[in-house]
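One structure is given below, encoded as structure tokens.
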Amino acid sequence: MATYRRRVKATFDEEQGVFMISVAAELAEMHPQTLRMYEQRGLIAPKRSPKNTRLYSQRDVERLRRIQEMTAEGLNLAGVETVLALESQVQRLRSEVVRLRKRLEEEVGTKRGSEDGGTG
């Protein structure tokens, strides 16, 4: 008798903690103890289950891979911390620039609209 397998496509938020430490370590190609050390240093902050189990998200795994790349290139963990902090700051500043540009465009558009309306 033939058996049939149904394909199930699972999707989840990149921020959702879904991987236990052993799976996250395997995906990031590092030892689970390394993940614990990175957590102690504040480089990674996994979510916690109700039973306090570490749960890593896809974004956490990507960050672990990024950390691994930097250490493979010769950076020590203090350097990695600095780079990650600077990257985070750059991202915040980019978001702020986008927000301010949008606000400026709205204000300029409102100003032009009121000037155009009064010249008829």
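Going through the structure tokens in order, the chains are called A, B, and so on, while each chain numbers its residues from 1 and the ligands are numbered from 1 in the order shown.
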I'd like the neighbourhood of Glu14 of chain A as a ChimeraX atom specification, where a residue qualifies if any of its atoms comes within 12 Å (using only C-alpha atoms), though same-chain residues fewer than 2 positions away should be ignored. /A:11-12,16-19,56-63
Separating atom CA of Arg66 of chain A from atom CA of Ser95 of chain A, to the nearest tenth of an Å, is a gap of 21.6 Å
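The two atoms in question, atom CA of Ile67 of chain A and atom CA of Arg92 of chain A, are spaced 19.9 Å apart.
If only C-alpha atoms are the atoms counted, then among A:Leu64, A:Ile44, A:Val108, A:Leu55 the closest residue to Leu27 of chain A is A:Leu64.
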Contact residues around Tyr38 of chain A with only C-alpha atoms at 12 Å, ignoring same-chain residues under 3 positions, as a ChimeraX atom specification: /A:25,30-35,41-46,60,63-64,67-68,77-78,80-81
Extract the full set of alpha helix (DSSP H) residues from chain A according to DSSP on the backbone, and format it as a count of residues only. 73
Quick check for you: according to DSSP on this backbone, which residues of chain A are classed as strand (DSSP E)? Reply as a ChimeraX atom specification. /A:47-48,54-55
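With atom CA of Ala24 of chain A on one side and atom CA of Arg36 of chain A on the other, the separation reads 11.3 Å.
Remark: for Ser22 of chain A, the closest of the candidate residues A:Lys111, A:Arg65, A:Lys102, A:Arg54 is A:Arg54 (distances computed over only C-alpha atoms).
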